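Structure data (mmCIF, C-alpha atoms) from structure.cif:
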```cif
data_model
loop_
_atom_site.label_atom_id
_atom_site.label_comp_id
_atom_site.auth_asym_id
_atom_site.auth_seq_id
_atom_site.Cartn_x
_atom_site.Cartn_y
_atom_site.Cartn_z
CA MET A 1 96.58 104.29 102.30
CA GLU A 2 96.23 105.45 105.92
CA LEU A 3 93.84 108.35 106.42
CA LYS A 4 93.07 110.70 109.29
CA THR A 5 89.81 112.65 109.29
CA ILE A 6 89.33 116.12 110.79
CA GLU A 7 85.84 117.55 111.23
CA LEU A 8 85.19 121.15 110.17
CA THR A 9 82.19 122.77 111.86
CA GLY A 10 80.23 126.00 111.92
CA ARG A 11 81.95 129.05 110.42
CA ILE A 12 85.63 129.64 109.70
CA ASP A 13 86.43 133.32 109.28
CA SER A 14 88.98 135.92 110.41
CA GLY A 15 87.69 135.74 113.98
CA ASN A 16 88.51 132.06 114.54
CA ALA A 17 90.74 130.91 111.65
CA ALA A 18 93.95 130.97 113.72
CA LYS A 19 92.35 128.85 116.49
CA VAL A 20 90.89 126.39 113.94
CA GLU A 21 94.32 125.97 112.33
CA GLU A 22 95.98 125.47 115.71
CA ASP A 23 93.45 122.78 116.68
CA ILE A 24 93.83 120.95 113.34
CA ARG A 25 97.62 120.96 113.53
CA SER A 26 97.43 119.67 117.10
CA GLY A 27 95.21 116.82 115.94
CA LEU A 28 97.63 115.98 113.13
CA ASP A 29 100.81 116.26 115.17
CA GLY A 30 103.25 113.62 113.94
CA TRP A 31 100.90 112.46 111.17
CA THR A 32 102.44 112.02 107.69
CA GLY A 33 99.64 110.23 105.81
CA ALA A 34 96.56 111.40 103.93
CA VAL A 35 94.20 113.91 105.54
CA GLU A 36 90.45 114.28 105.01
CA LEU A 37 88.71 117.49 106.06
CA ASN A 38 85.09 116.44 106.55
CA ALA A 39 83.03 119.57 105.86
CA ALA A 40 79.58 118.06 106.50
CA ALA A 41 78.98 120.50 109.38
CA LEU A 42 80.83 123.48 107.82
CA GLU A 43 78.38 126.32 107.16
CA TYR A 44 80.67 129.08 105.89
CA ILE A 45 84.33 129.71 105.06
CA SER A 46 85.98 133.08 104.41
CA SER A 47 89.25 133.93 102.70
CA ALA A 48 90.96 133.57 106.08
CA GLY A 49 89.69 130.00 106.30
CA LEU A 50 90.80 129.27 102.73
CA ARG A 51 94.32 130.38 103.58
CA VAL A 52 94.29 127.93 106.50
CA ILE A 53 93.51 125.10 104.06
CA LEU A 54 96.34 126.21 101.76
CA ARG A 55 98.83 126.09 104.59
CA LEU A 56 97.57 122.69 105.72
CA ARG A 57 97.95 121.36 102.19
CA LYS A 58 101.60 122.43 102.13
CA ALA A 59 102.19 120.41 105.30
CA TRP A 60 100.01 117.45 104.23
CA PRO A 61 100.01 117.25 100.40
CA GLU A 62 97.54 114.33 100.35
CA LEU A 63 94.73 116.49 101.70
CA ARG A 64 91.15 116.34 100.48
CA ILE A 65 87.88 117.95 101.50
CA THR A 66 84.68 115.86 101.60
CA ASN A 67 80.94 116.27 102.23
CA VAL A 68 81.00 119.91 101.16
CA SER A 69 77.66 121.74 101.06
CA PRO A 70 76.65 123.33 97.73
CA GLU A 71 77.23 126.83 99.17
CA VAL A 72 80.75 126.08 100.42
CA TYR A 73 81.52 124.09 97.25
CA ASP A 74 80.67 127.15 95.14
CA VAL A 75 83.25 129.16 97.11
CA LEU A 76 85.90 126.47 96.70
CA GLU A 77 85.17 126.11 92.99
CA MET A 78 85.17 129.87 92.33
CA THR A 79 88.51 130.31 94.09
CA GLY A 80 90.19 127.39 92.29
CA PHE A 81 90.45 124.99 95.23
CA THR A 82 88.59 122.27 93.32
CA GLU A 83 91.44 122.27 90.80
CA MET A 84 94.18 122.18 93.42
CA MET A 85 92.94 119.28 95.55
CA PRO A 86 90.18 116.65 95.67
CA VAL A 87 86.93 118.28 96.80
CA GLU A 88 83.75 116.17 97.09
CA LYS A 89 80.27 117.58 97.48
CA ALA A 90 77.81 116.38 100.07
CA TYR A 91 75.30 114.42 98.05
CA LEU A 92 71.55 114.11 98.56
CA SER A 93 70.50 110.56 99.44
CA VAL A 94 67.77 108.84 97.42
CA SER A 95 66.20 105.38 97.68
CA VAL A 96 65.49 103.17 94.68
CA GLU A 97 63.57 100.58 96.67
CA GLY A 98 60.49 99.54 94.71
CA CYS A 99 61.43 101.71 91.71
CA GLU A 100 61.03 100.44 88.14
CA VAL A 101 64.24 99.37 86.39
CA ILE A 102 64.16 101.03 82.95
CA GLY A 103 67.75 100.37 81.88
CA GLU A 104 70.58 98.06 82.73
CA GLY A 105 74.18 97.79 81.59
CA GLN A 106 77.42 96.12 82.51
CA ASN A 107 78.18 98.53 85.37
CA GLY A 108 74.82 99.54 86.80
CA LYS A 109 71.05 99.94 86.60
CA VAL A 110 68.78 102.87 85.73
CA TYR A 111 65.70 103.38 87.92
CA ARG A 112 62.73 105.68 87.47
CA ILE A 113 62.40 107.56 90.77
CA ASP A 114 59.47 109.78 89.73
CA ARG A 115 57.53 110.80 86.61
CA ASP A 116 60.27 113.03 85.24
CA THR A 117 63.48 111.74 86.81
CA VAL A 118 65.66 108.63 86.65
CA VAL A 119 68.81 107.69 88.53
CA LYS A 120 71.59 105.40 87.38
CA THR A 121 73.15 103.40 90.18
CA TYR A 122 76.61 101.87 89.92
CA LYS A 123 77.71 98.41 91.03
CA ASN A 124 81.02 99.83 92.21
CA ALA A 125 80.65 101.21 95.74
CA ASP A 126 83.29 103.88 95.03
CA ALA A 127 81.68 105.08 91.80
CA LEU A 128 82.50 108.79 91.67
CA THR A 129 85.26 108.24 89.13
CA GLU A 130 82.90 106.19 86.94
CA ILE A 131 80.17 108.82 87.22
CA ARG A 132 82.51 111.61 86.20
CA HIS A 133 83.75 109.51 83.27
CA GLU A 134 80.22 108.79 82.07
CA ARG A 135 79.18 112.45 82.38
CA GLU A 136 82.22 113.42 80.30
CA VAL A 137 81.67 110.88 77.50
CA ALA A 138 77.90 111.51 77.44
CA ARG A 139 78.62 115.20 76.94
CA LEU A 140 81.02 114.30 74.12
CA ALA A 141 78.35 112.13 72.46
CA LEU A 142 75.77 114.91 72.70
CA ILE A 143 78.17 117.45 71.18
CA LEU A 144 78.84 115.03 68.32
CA GLY A 145 75.12 114.67 67.60
CA VAL A 146 74.13 111.46 69.39
CA PRO A 147 70.82 111.94 71.26
CA THR A 148 71.43 111.10 74.90
CA ALA A 149 70.42 112.21 78.37
CA ILE A 150 72.77 114.38 80.40
CA SER A 151 73.23 113.92 84.13
CA TYR A 152 72.53 117.07 86.14
CA ASP A 153 73.21 115.82 89.67
CA ILE A 154 75.04 113.19 91.71
CA VAL A 155 73.31 111.54 94.67
CA ARG A 156 74.02 108.92 97.31
CA VAL A 157 72.20 105.62 96.77
CA GLY A 158 72.77 103.32 99.72
CA ASP A 159 76.51 102.81 100.13
CA SER A 160 77.29 103.93 96.57
CA TYR A 161 76.49 106.86 94.29
CA GLY A 162 74.06 107.55 91.50
CA SER A 163 73.74 109.92 88.60
CA VAL A 164 70.42 111.75 88.11
CA PHE A 165 68.88 112.42 84.70
CA GLU A 166 65.73 114.28 83.70
CA LEU A 167 63.81 112.03 81.30
CA LEU A 168 60.19 113.09 80.98
CA ASN A 169 57.69 110.22 80.70
CA CYS A 170 60.46 107.87 79.60
CA ARG A 171 59.86 104.25 78.61
CA SER A 172 62.52 101.79 77.57
CA PHE A 173 62.19 99.95 74.28
CA ALA A 174 62.27 96.74 76.33
CA GLY A 175 59.14 97.90 78.15
CA ILE A 176 57.43 98.87 74.90
CA LEU A 177 58.22 95.49 73.29
CA ALA A 178 56.98 93.65 76.38
CA GLU A 179 53.76 95.63 76.79
CA GLU A 180 52.94 96.60 73.19
CA PRO A 181 54.22 93.83 70.88
CA GLU A 182 52.28 95.38 68.00
CA ARG A 183 54.87 98.19 67.98
CA LEU A 184 57.70 95.81 67.07
CA ASP A 185 58.17 97.28 63.59
CA TRP A 186 58.24 100.84 64.96
CA CYS A 187 60.86 99.83 67.55
CA VAL A 188 62.95 98.10 64.86
CA GLY A 189 62.92 101.24 62.70
CA GLU A 190 63.87 103.65 65.49
CA TYR A 191 66.40 101.26 67.02
CA SER A 192 68.26 100.59 63.76
CA ARG A 193 68.17 104.29 62.82
CA LEU A 194 69.77 105.27 66.14
CA LEU A 195 72.36 102.50 65.78
CA ARG A 196 73.37 103.82 62.36
CA THR A 197 73.65 107.32 63.83
CA VAL A 198 76.00 106.08 66.55
CA HIS A 199 78.14 104.07 64.13
CA GLY A 200 78.28 106.98 61.70
CA THR A 201 79.61 109.39 64.33
CA HIS A 202 83.32 110.14 63.94
CA VAL A 203 85.13 110.77 67.24
CA PRO A 204 88.21 113.02 67.58
CA ALA A 205 91.41 111.04 68.15
CA GLY A 206 92.13 110.12 71.75
CA LYS A 207 88.69 110.92 73.12
CA LEU A 208 87.50 107.30 73.48
CA PRO A 209 89.25 103.92 73.81
CA SER A 210 89.36 101.30 71.05
CA ILE A 211 86.89 98.42 71.30
CA LYS A 212 89.23 96.31 69.16
CA ALA A 213 91.86 96.43 71.91
CA THR A 214 89.32 94.90 74.29
CA ALA A 215 88.31 92.27 71.72
CA LEU A 216 91.94 91.29 71.29
CA GLU A 217 92.06 90.62 75.03
CA TRP A 218 89.07 88.23 74.74
CA THR A 219 90.75 86.51 71.82
CA GLY A 220 94.09 86.27 73.58
CA ARG A 221 92.47 84.31 76.40
CA ILE A 222 90.37 82.03 74.15
CA ALA A 223 92.66 81.26 71.20
CA PRO A 224 95.16 79.12 73.20
CA VAL A 225 92.44 76.71 74.38
CA LEU A 226 90.98 76.03 70.92
CA PRO A 227 92.08 72.82 69.16
CA GLY A 228 94.49 72.61 66.24
CA GLU A 229 94.80 75.69 64.04
CA TYR A 230 91.51 77.23 65.17
CA GLY A 231 93.15 79.48 67.74
CA ALA A 232 95.63 80.91 65.24
CA LYS A 233 92.87 81.57 62.73
CA LEU A 234 90.71 83.29 65.33
CA ALA A 235 93.58 85.54 66.40
CA ARG A 236 94.26 86.44 62.76
CA LEU A 237 90.61 87.24 61.99
CA VAL A 238 90.25 89.59 64.95
CA ALA A 239 93.63 91.24 64.30
CA GLU A 240 92.60 91.93 60.69
CA VAL A 241 89.39 93.79 61.61
CA PRO A 242 89.89 97.35 60.30
CA GLU A 243 90.33 100.14 62.84
CA ARG A 244 87.68 102.85 62.73
CA ASP A 245 87.26 106.24 64.42
CA THR A 246 83.48 105.89 64.66
CA MET A 247 81.53 105.51 67.88
CA ILE A 248 80.54 102.25 69.55
CA HIS A 249 78.06 102.33 72.44
CA GLY A 250 79.16 98.98 73.85
CA ASP A 251 75.82 97.88 75.36
CA PHE A 252 73.24 98.75 72.73
CA HIS A 253 70.17 96.78 73.80
CA ALA A 254 66.49 97.56 74.30
CA LYS A 255 66.80 98.51 77.98
CA ASN A 256 69.29 101.25 77.11
CA ILE A 257 67.12 102.89 74.43
CA VAL A 258 64.33 105.04 75.85
CA LEU A 259 61.43 107.04 74.48
CA ALA A 260 61.17 110.33 76.40
CA GLU A 261 58.55 112.89 75.35
CA ASN A 262 58.50 111.40 71.82
CA GLU A 263 62.31 111.58 71.51
CA VAL A 264 64.40 108.40 71.25
CA LEU A 265 67.50 108.63 73.46
CA LEU A 266 70.48 106.41 74.18
CA ILE A 267 71.40 106.01 77.85
CA ASP A 268 74.06 104.20 79.91
CA MET A 269 77.02 105.77 78.12
CA ASP A 270 79.92 104.56 80.28
CA THR A 271 80.98 101.88 77.74
CA LEU A 272 81.51 104.27 74.80
CA SER A 273 84.46 103.45 72.55
CA VAL A 274 85.44 103.58 68.89
CA GLY A 275 85.84 100.79 66.39
CA HIS A 276 84.27 98.45 63.85
CA PRO A 277 80.51 97.84 64.30
CA ILE A 278 81.00 94.05 64.40
CA PHE A 279 82.01 94.33 68.06
CA GLU A 280 78.81 96.22 68.91
CA LEU A 281 76.64 93.84 66.91
CA ALA A 282 78.26 90.85 68.61
CA GLN A 283 77.37 92.25 72.02
CA MET A 284 73.79 92.78 70.79
CA TYR A 285 73.63 89.15 69.68
CA VAL A 286 74.82 88.12 73.14
CA SER A 287 72.02 90.15 74.78
CA TYR A 288 69.16 88.94 72.56
CA ILE A 289 70.17 85.42 71.53
CA GLY A 290 73.49 84.15 72.88
CA PHE A 291 72.78 83.72 76.59
CA SER A 292 69.30 82.34 75.81
CA GLU A 293 70.35 79.53 73.47
CA GLN A 294 70.70 77.15 76.41
CA ASP A 295 68.06 78.82 78.56
CA PRO A 296 65.30 80.58 76.55
CA THR A 297 63.97 82.23 79.71
CA ALA A 298 67.20 84.22 80.22
CA VAL A 299 66.22 87.07 77.90
CA GLU A 300 62.77 87.34 79.46
CA ARG A 301 64.30 87.67 82.92
CA PHE A 302 66.63 90.38 81.64
CA MET A 303 64.55 92.24 79.05
CA GLY A 304 60.98 91.41 80.07
CA PHE A 305 59.93 90.00 76.69
CA SER A 306 60.00 86.47 75.25
CA PHE A 307 62.83 84.72 73.42
CA ALA A 308 60.60 84.62 70.32
CA THR A 309 60.29 88.42 70.45
CA ALA A 310 64.04 88.74 71.03
CA LYS A 311 64.84 86.61 67.96
CA ALA A 312 62.39 88.55 65.78
CA PHE A 313 63.68 91.90 67.02
CA TRP A 314 67.31 90.88 66.47
CA LYS A 315 66.76 89.60 62.93
CA ARG A 316 64.66 92.54 61.79
CA SER A 317 66.92 95.13 63.42
CA LEU A 318 70.04 93.63 61.84
CA ALA A 319 68.39 93.57 58.40
CA ALA A 320 67.21 97.17 58.79
CA TYR A 321 70.61 98.33 60.05
CA LEU A 322 72.47 96.67 57.16
CA GLY A 323 69.84 97.66 54.62
CA VAL A 324 69.49 94.10 53.31
CA GLU A 325 66.65 91.62 53.00
CA ASN A 326 66.74 88.20 54.58
CA GLY A 327 69.12 86.17 52.43
CA ALA A 328 72.74 85.34 51.77
CA ALA A 329 74.09 88.79 52.65
CA LEU A 330 72.29 88.80 55.99
CA THR A 331 73.41 85.25 56.79
CA ALA A 332 77.03 86.06 55.94
CA ALA A 333 77.02 89.15 58.18
CA GLU A 334 75.33 87.25 61.00
CA ASP A 335 77.91 84.46 60.81
CA ARG A 336 80.70 87.01 61.36
CA ILE A 337 78.78 88.61 64.21
CA ARG A 338 78.03 85.27 65.87
CA LEU A 339 81.68 84.26 65.71
CA VAL A 340 82.73 87.31 67.74
CA ALA A 341 79.74 86.86 70.07
CA TYR A 342 80.75 83.29 70.95
CA VAL A 343 84.29 84.43 71.69
CA ARG A 344 82.83 87.07 74.01
CA MET A 345 80.55 84.61 75.80
CA ILE A 346 83.14 81.86 76.18
CA ASP A 347 85.64 84.34 77.60
CA TRP A 348 83.05 85.80 79.99
CA SER A 349 81.95 82.37 81.18
CA ARG A 350 85.52 81.13 81.69
CA ARG A 351 86.33 84.17 83.81
CA HIS A 352 83.10 84.16 85.84
CA ASN A 353 81.87 80.55 85.87
CA ASP A 354 84.93 78.34 85.49
CA PRO A 355 84.43 75.48 86.11
CA GLY A 356 80.88 76.49 87.05
CA THR A 357 77.74 74.36 87.12
CA GLU A 358 76.80 71.60 84.72
CA ALA A 359 74.62 74.15 82.89
CA ASP A 360 77.58 76.55 82.59
CA ARG A 361 79.77 73.80 81.15
CA ALA A 362 77.04 72.74 78.72
CA ALA A 363 76.66 76.35 77.53
CA ARG A 364 80.41 76.71 76.97
CA ALA A 365 80.45 73.42 75.05
CA LEU A 366 77.62 74.64 72.81
CA TRP A 367 79.28 78.00 72.18
CA THR A 368 82.64 76.36 71.47
CA SER A 369 81.03 73.95 68.99
CA GLU A 370 79.33 76.85 67.20
CA LEU A 371 82.55 78.87 67.20
CA LEU A 372 84.56 76.06 65.63
CA ALA A 373 81.90 75.52 62.96
CA LEU A 374 81.97 79.23 62.12
CA LEU A 375 85.77 79.26 61.97
CA ASP A 376 85.55 76.51 59.34
CA ARG A 377 83.62 78.78 56.96
CA VAL A 378 84.36 82.41 57.89
CA ASP A 379 87.51 83.92 56.38
CA SER A 380 87.00 87.60 57.29
CA LEU A 381 85.14 89.51 59.98
CA ASP A 382 84.84 92.67 57.90
CA PHE A 383 81.65 93.62 56.05
CA ALA A 384 80.13 96.68 54.43
CA VAL A 385 79.44 99.23 57.17
CA PRO A 386 76.34 101.41 56.69
CA GLY A 387 77.30 105.01 55.95
CA ALA A 388 81.02 104.23 55.63
#
```
This entry written out as structure tokens:
Amino acid sequence: MELKTIELTGRIDSGNAAKVEEDIRSGLDGWTGAVELNAAALEYISSAGLRVILRLRKAWPELRITNVSPEVYDVLEMTGFTEMMPVEKAYLSVSVEGCEVIGEGQNGKVYRIDRDTVVKTYKNADALTEIRHEREVARLALILGVPTAISYDIVRVGDSYGSVFELLNCRSFAGILAEEPERLDWCVGEYSRLLRTVHGTHVPAGKLPSIKATALEWTGRIAPVLPGEYGAKLARLVAEVPERDTMIHGDFHAKNIVLAENEVLLIDMDTLSVGHPIFELAQMYVSYIGFSEQDPTAVERFMGFSFATAKAFWKRSLAAYLGVENGAALTAAEDRIRLVAYVRMIDWSRRHNDPGTEADRAARALWTSELLALLDRVDSLDFAVPGA
């Protein structure tokens, strides 16, 4: 979409509003596209100036105001302008160079920028929509009783945006497991308890998307390339997974669980959805085990702890979450989880690394072999859900 930018400067009040409007209209003469009023240098606007903007919007409906100072933004918000047209604040710039990464998800990273504050950066350079979405769903989770951090500011980080959170003395579980392996059992207990809280949280209809709908997309891409009747069976198994109205985090791993002032919190909330826990557990298996089966150093590069620690943490957390001892029940549940995890990994690899390197092809061959073996013995993906 074509865009023309007009700079607003100084003060716009009854003394100069008519002249400002005349100059803007002169600059837009003959223009029919979108208009941006850049308010970076605007110090004050009165009701006379607001009426100028209203008249301009009638002439150029695709008008937006950007780089608005907090003081001017307050005026625009109080008078309803932020509901009538796009209005973007001027954001403080921060640097994350050299900062510790304490969390990482599919769409961004969380950095500690000082003792009490962290910032989540987004991979998407135009991330304001994502930030607003995450702030909204994080607020929903908090209202529903899930302990999470709430963003209180938006900042510029390089060419993109970040969301600022106050997390006092926070440490990720990944950092704790890497630096204090003797606390493994404590981490398992807190991690599985928080996971049960999330999966026991009922979400009002329409507030979050269905994770099953996403899983059906993975399956739809993988099933046609499986041999014989395997594809049809896979499609049937995923289609038969019961719908649920309970919360799924979507990226529940040790870098997204933090200890802040003795409180365990869940961060990186942009992937929230609803559905059966098997889809969450499958993603957890991918994070701890799946991508490291071919390369055991992968989890250490991502999490900071060894593959041996990852395997122990996964097994103990799953047993604690399900409330079962190691045995047939745990193996049966893990088989179901692994089946979905391999579908997820094969689909991801085909979309990102196809045909890829020799190592990529070897990994897909391994995952496909495991998937087919699981399809030979798994007849349902459902299992007893804790708290259901």
Taking only residues of stretch 202-304 of chain A that have an atom at most 10 Å from an atom of stretch 155-178 of chain A, what is each one's shortest atom pair and its distance in Å to one decimal, using all atoms listed in the file, in chain and number order, as a Markdown table?
```
| residue | atom | partner | partner_atom | distance |
| --- | --- | --- | --- | --- |
| A:His253 | CA | A:Ala174 | CA | 8.3 |
| A:Ala254 | CA | A:Ala174 | CA | 4.8 |
| A:Lys255 | CA | A:Ala174 | CA | 5.1 |
| A:Asn256 | CA | A:Ser172 | CA | 6.8 |
| A:Ile257 | CA | A:Ser172 | CA | 5.7 |
| A:Val258 | CA | A:Ser172 | CA | 4.1 |
| A:Leu259 | CA | A:Arg171 | CA | 5.2 |
| A:Ala260 | CA | A:Cys170 | CA | 4.1 |
| A:Glu261 | CA | A:Leu168 | CA | 5.9 |
| A:Asn262 | CA | A:Cys170 | CA | 8.8 |
| A:Glu263 | CA | A:Cys170 | CA | 9.1 |
| A:Val264 | CA | A:Phe173 | CA | 9.2 |
| A:Leu265 | CA | A:Leu167 | CA | 9.3 |
| A:Leu266 | CA | A:Ser172 | CA | 9.8 |
| A:Ile267 | CA | A:Phe165 | CA | 9.7 |
| A:Glu300 | CA | A:Ala178 | CA | 9.1 |
| A:Phe302 | CA | A:Ala174 | CA | 9.4 |
| A:Met303 | CA | A:Ala174 | CA | 5.7 |
| A:Gly304 | CA | A:Ala178 | CA | 5.9 |
```
Give the answer as one residue: which of A:Ala39, A:Glu136, A:Arg55, A:Gly206 has the shortest atom-to-atom distance to A:Tyr73, using only C-alpha atoms?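 Checking each of A:Ala39, A:Glu136, A:Arg55, A:Gly206 against A:Tyr73, counting only C-alpha atoms, the winner is A:Ala39.
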Separation of atom CA of A:Glu130 from atom CA of A:Ile278 in Å: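 So the two atoms, atom CA of A:Ile278 and atom CA of A:Glu130, lie 25.7 Å apart.
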Go ahead and find all residues with at least one atom no further than 12 Å from (95.7, 130.4, 105.4) in the file's coordinates, using all atoms listed in the file; report them as a list in words.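 Output of the proximity query reads Ile12, Asp13, Ser14, Asn16, Ala17, Ala18, Lys19, Val20, Glu21, Glu22, Ile45, Ser46, Ser47, Ala48, Gly49, Leu50, Arg51, Val52, Ile53, Leu54, Arg55, Leu56, Arg57, Lys58 and Ala59 of chain A.
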Written as JSON, numbers by chain, which residues does the PyMOL selection byres ((chain A and resi 343) around 8) give for the file shown? {"A": [218, 219, 222, 339, 340, 341, 342, 344, 345, 346, 347, 371]}
Nearest to A:Leu366 among A:Lys4, A:Gly290, A:Arg25, A:His276, with distances taken over only C-alpha atoms: which residue is it?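 For A:Leu366, the nearest of the candidates is A:Gly290.
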May I have the residues within 8 Å of A:Phe313 as number ranges by chain, using all atoms listed in the file and disregarding those fewer than 3 positions away in the same chain? A: 184, 188, 309-310, 316-317
Taking into account only C-alpha atoms, which residue in the set A:Lys120, A:Lys109, A:Lys311, A:His133 is nearest to A:Thr271?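 Residue with the minimum atom-to-atom distance to A:Thr271: A:His133.
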Please expand the PyMOL selection byres ((chain A and resi 321-337) around 8) into the concrete residues it hits in this file, giving the result as a count of residues only. 25
Any idea what the distance is between atom CA of A:Val87 and atom CA of A:Glu7?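 One can read the atom CA of A:Val87 to atom CA of A:Glu7 distance as 14.5 Å.
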Atomic separation - atom CA of A:Leu216 relative to atom CA of A:Tyr230, Å: 15.3 Å
Ranking A:Asp268, A:Glu83, A:Glu370, A:Asp185 by minimum distance to A:Phe252 and counting all atoms listed in the file, which one comes first?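 That would be A:Asp268, the residue with the smallest distance to A:Phe252.
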Name the residues captured by the PyMOL selection byres ((chain A and resi 65) around 8) when it is applied to the shown file; answer as number ranges by chain. A: 36-39, 63-64, 66-68, 85-88
Keeping only C-alpha atoms, write the selected residues to a file as an mmCIF file, in the frame of the given file.
```cif
data_model
loop_
_atom_site.group_PDB
_atom_site.id
_atom_site.type_symbol
_atom_site.label_atom_id
_atom_site.label_comp_id
_atom_site.auth_asym_id
_atom_site.auth_seq_id
_atom_site.Cartn_x
_atom_site.Cartn_y
_atom_site.Cartn_z
ATOM 1 C CA GLU A 36 90.450 114.280 105.010
ATOM 2 C CA LEU A 37 88.710 117.490 106.060
ATOM 3 C CA ASN A 38 85.090 116.440 106.550
ATOM 4 C CA ALA A 39 83.030 119.570 105.860
ATOM 5 C CA LEU A 63 94.730 116.490 101.700
ATOM 6 C CA ARG A 64 91.150 116.340 100.480
ATOM 7 C CA THR A 66 84.680 115.860 101.600
ATOM 8 C CA ASN A 67 80.940 116.270 102.230
ATOM 9 C CA VAL A 68 81.000 119.910 101.160
ATOM 10 C CA MET A 85 92.940 119.280 95.550
ATOM 11 C CA PRO A 86 90.180 116.650 95.670
ATOM 12 C CA VAL A 87 86.930 118.280 96.800
ATOM 13 C CA GLU A 88 83.750 116.170 97.090
#
```
A:Phe305, A:Trp186, A:Tyr44, A:Trp348: which is nearest A:Glu71, counting only C-alpha atoms?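 Of the candidates, the smallest distance to A:Glu71 is held by A:Tyr44.
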Using only C-alpha atoms, find the one residue out of A:Pro209, A:Gly356, A:Gly145, A:Pro70 that sits nearest to A:Asp270.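 Answer, going by the shortest atom-to-atom distance: A:Pro209.
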Generate N, CA, C and O atoms for stretch 144-155 of chain A and emit them as a tab-separated table (two decimals), keeping the file's coordinate frame.
```
chain	number	residue	atom	x	y	z
A	144	LEU	N	78.62	115.62	69.65
A	144	LEU	CA	78.84	115.03	68.32
A	144	LEU	C	77.55	114.65	67.61
A	144	LEU	O	77.59	114.12	66.50
A	145	GLY	N	76.40	114.88	68.27
A	145	GLY	CA	75.12	114.67	67.60
A	145	GLY	C	74.38	113.41	67.95
A	145	GLY	O	73.38	113.08	67.32
A	146	VAL	N	74.83	112.67	68.97
A	146	VAL	CA	74.13	111.46	69.39
A	146	VAL	C	73.12	111.84	70.47
A	146	VAL	O	73.50	112.42	71.50
A	147	PRO	N	71.84	111.53	70.28
A	147	PRO	CA	70.82	111.94	71.26
A	147	PRO	C	70.93	111.13	72.55
A	147	PRO	O	70.75	109.92	72.55
A	148	THR	N	71.28	111.79	73.62
A	148	THR	CA	71.43	111.10	74.90
A	148	THR	C	70.99	112.02	76.03
A	148	THR	O	70.84	113.23	75.84
A	149	ALA	N	70.78	111.44	77.19
A	149	ALA	CA	70.42	112.21	78.37
A	149	ALA	C	71.69	112.67	79.07
A	149	ALA	O	72.70	111.97	79.06
A	150	ILE	N	71.63	113.83	79.69
A	150	ILE	CA	72.77	114.38	80.40
A	150	ILE	C	72.46	114.41	81.91
A	150	ILE	O	71.41	114.89	82.32
A	151	SER	N	73.40	113.91	82.68
A	151	SER	CA	73.23	113.92	84.13
A	151	SER	C	73.36	115.34	84.67
A	151	SER	O	74.28	116.07	84.29
A	152	TYR	N	72.45	115.73	85.56
A	152	TYR	CA	72.53	117.07	86.14
A	152	TYR	C	72.78	117.05	87.65
A	152	TYR	O	72.89	118.12	88.27
A	153	ASP	N	72.92	115.86	88.24
A	153	ASP	CA	73.21	115.82	89.67
A	153	ASP	C	73.79	114.46	90.04
A	153	ASP	O	73.58	113.47	89.33
A	154	ILE	N	74.52	114.43	91.14
A	154	ILE	CA	75.04	113.19	91.71
A	154	ILE	C	74.42	113.01	93.08
A	154	ILE	O	74.32	113.98	93.85
A	155	VAL	N	73.98	111.80	93.40
A	155	VAL	CA	73.31	111.54	94.67
A	155	VAL	C	73.92	110.30	95.32
A	155	VAL	O	74.61	109.51	94.67
```
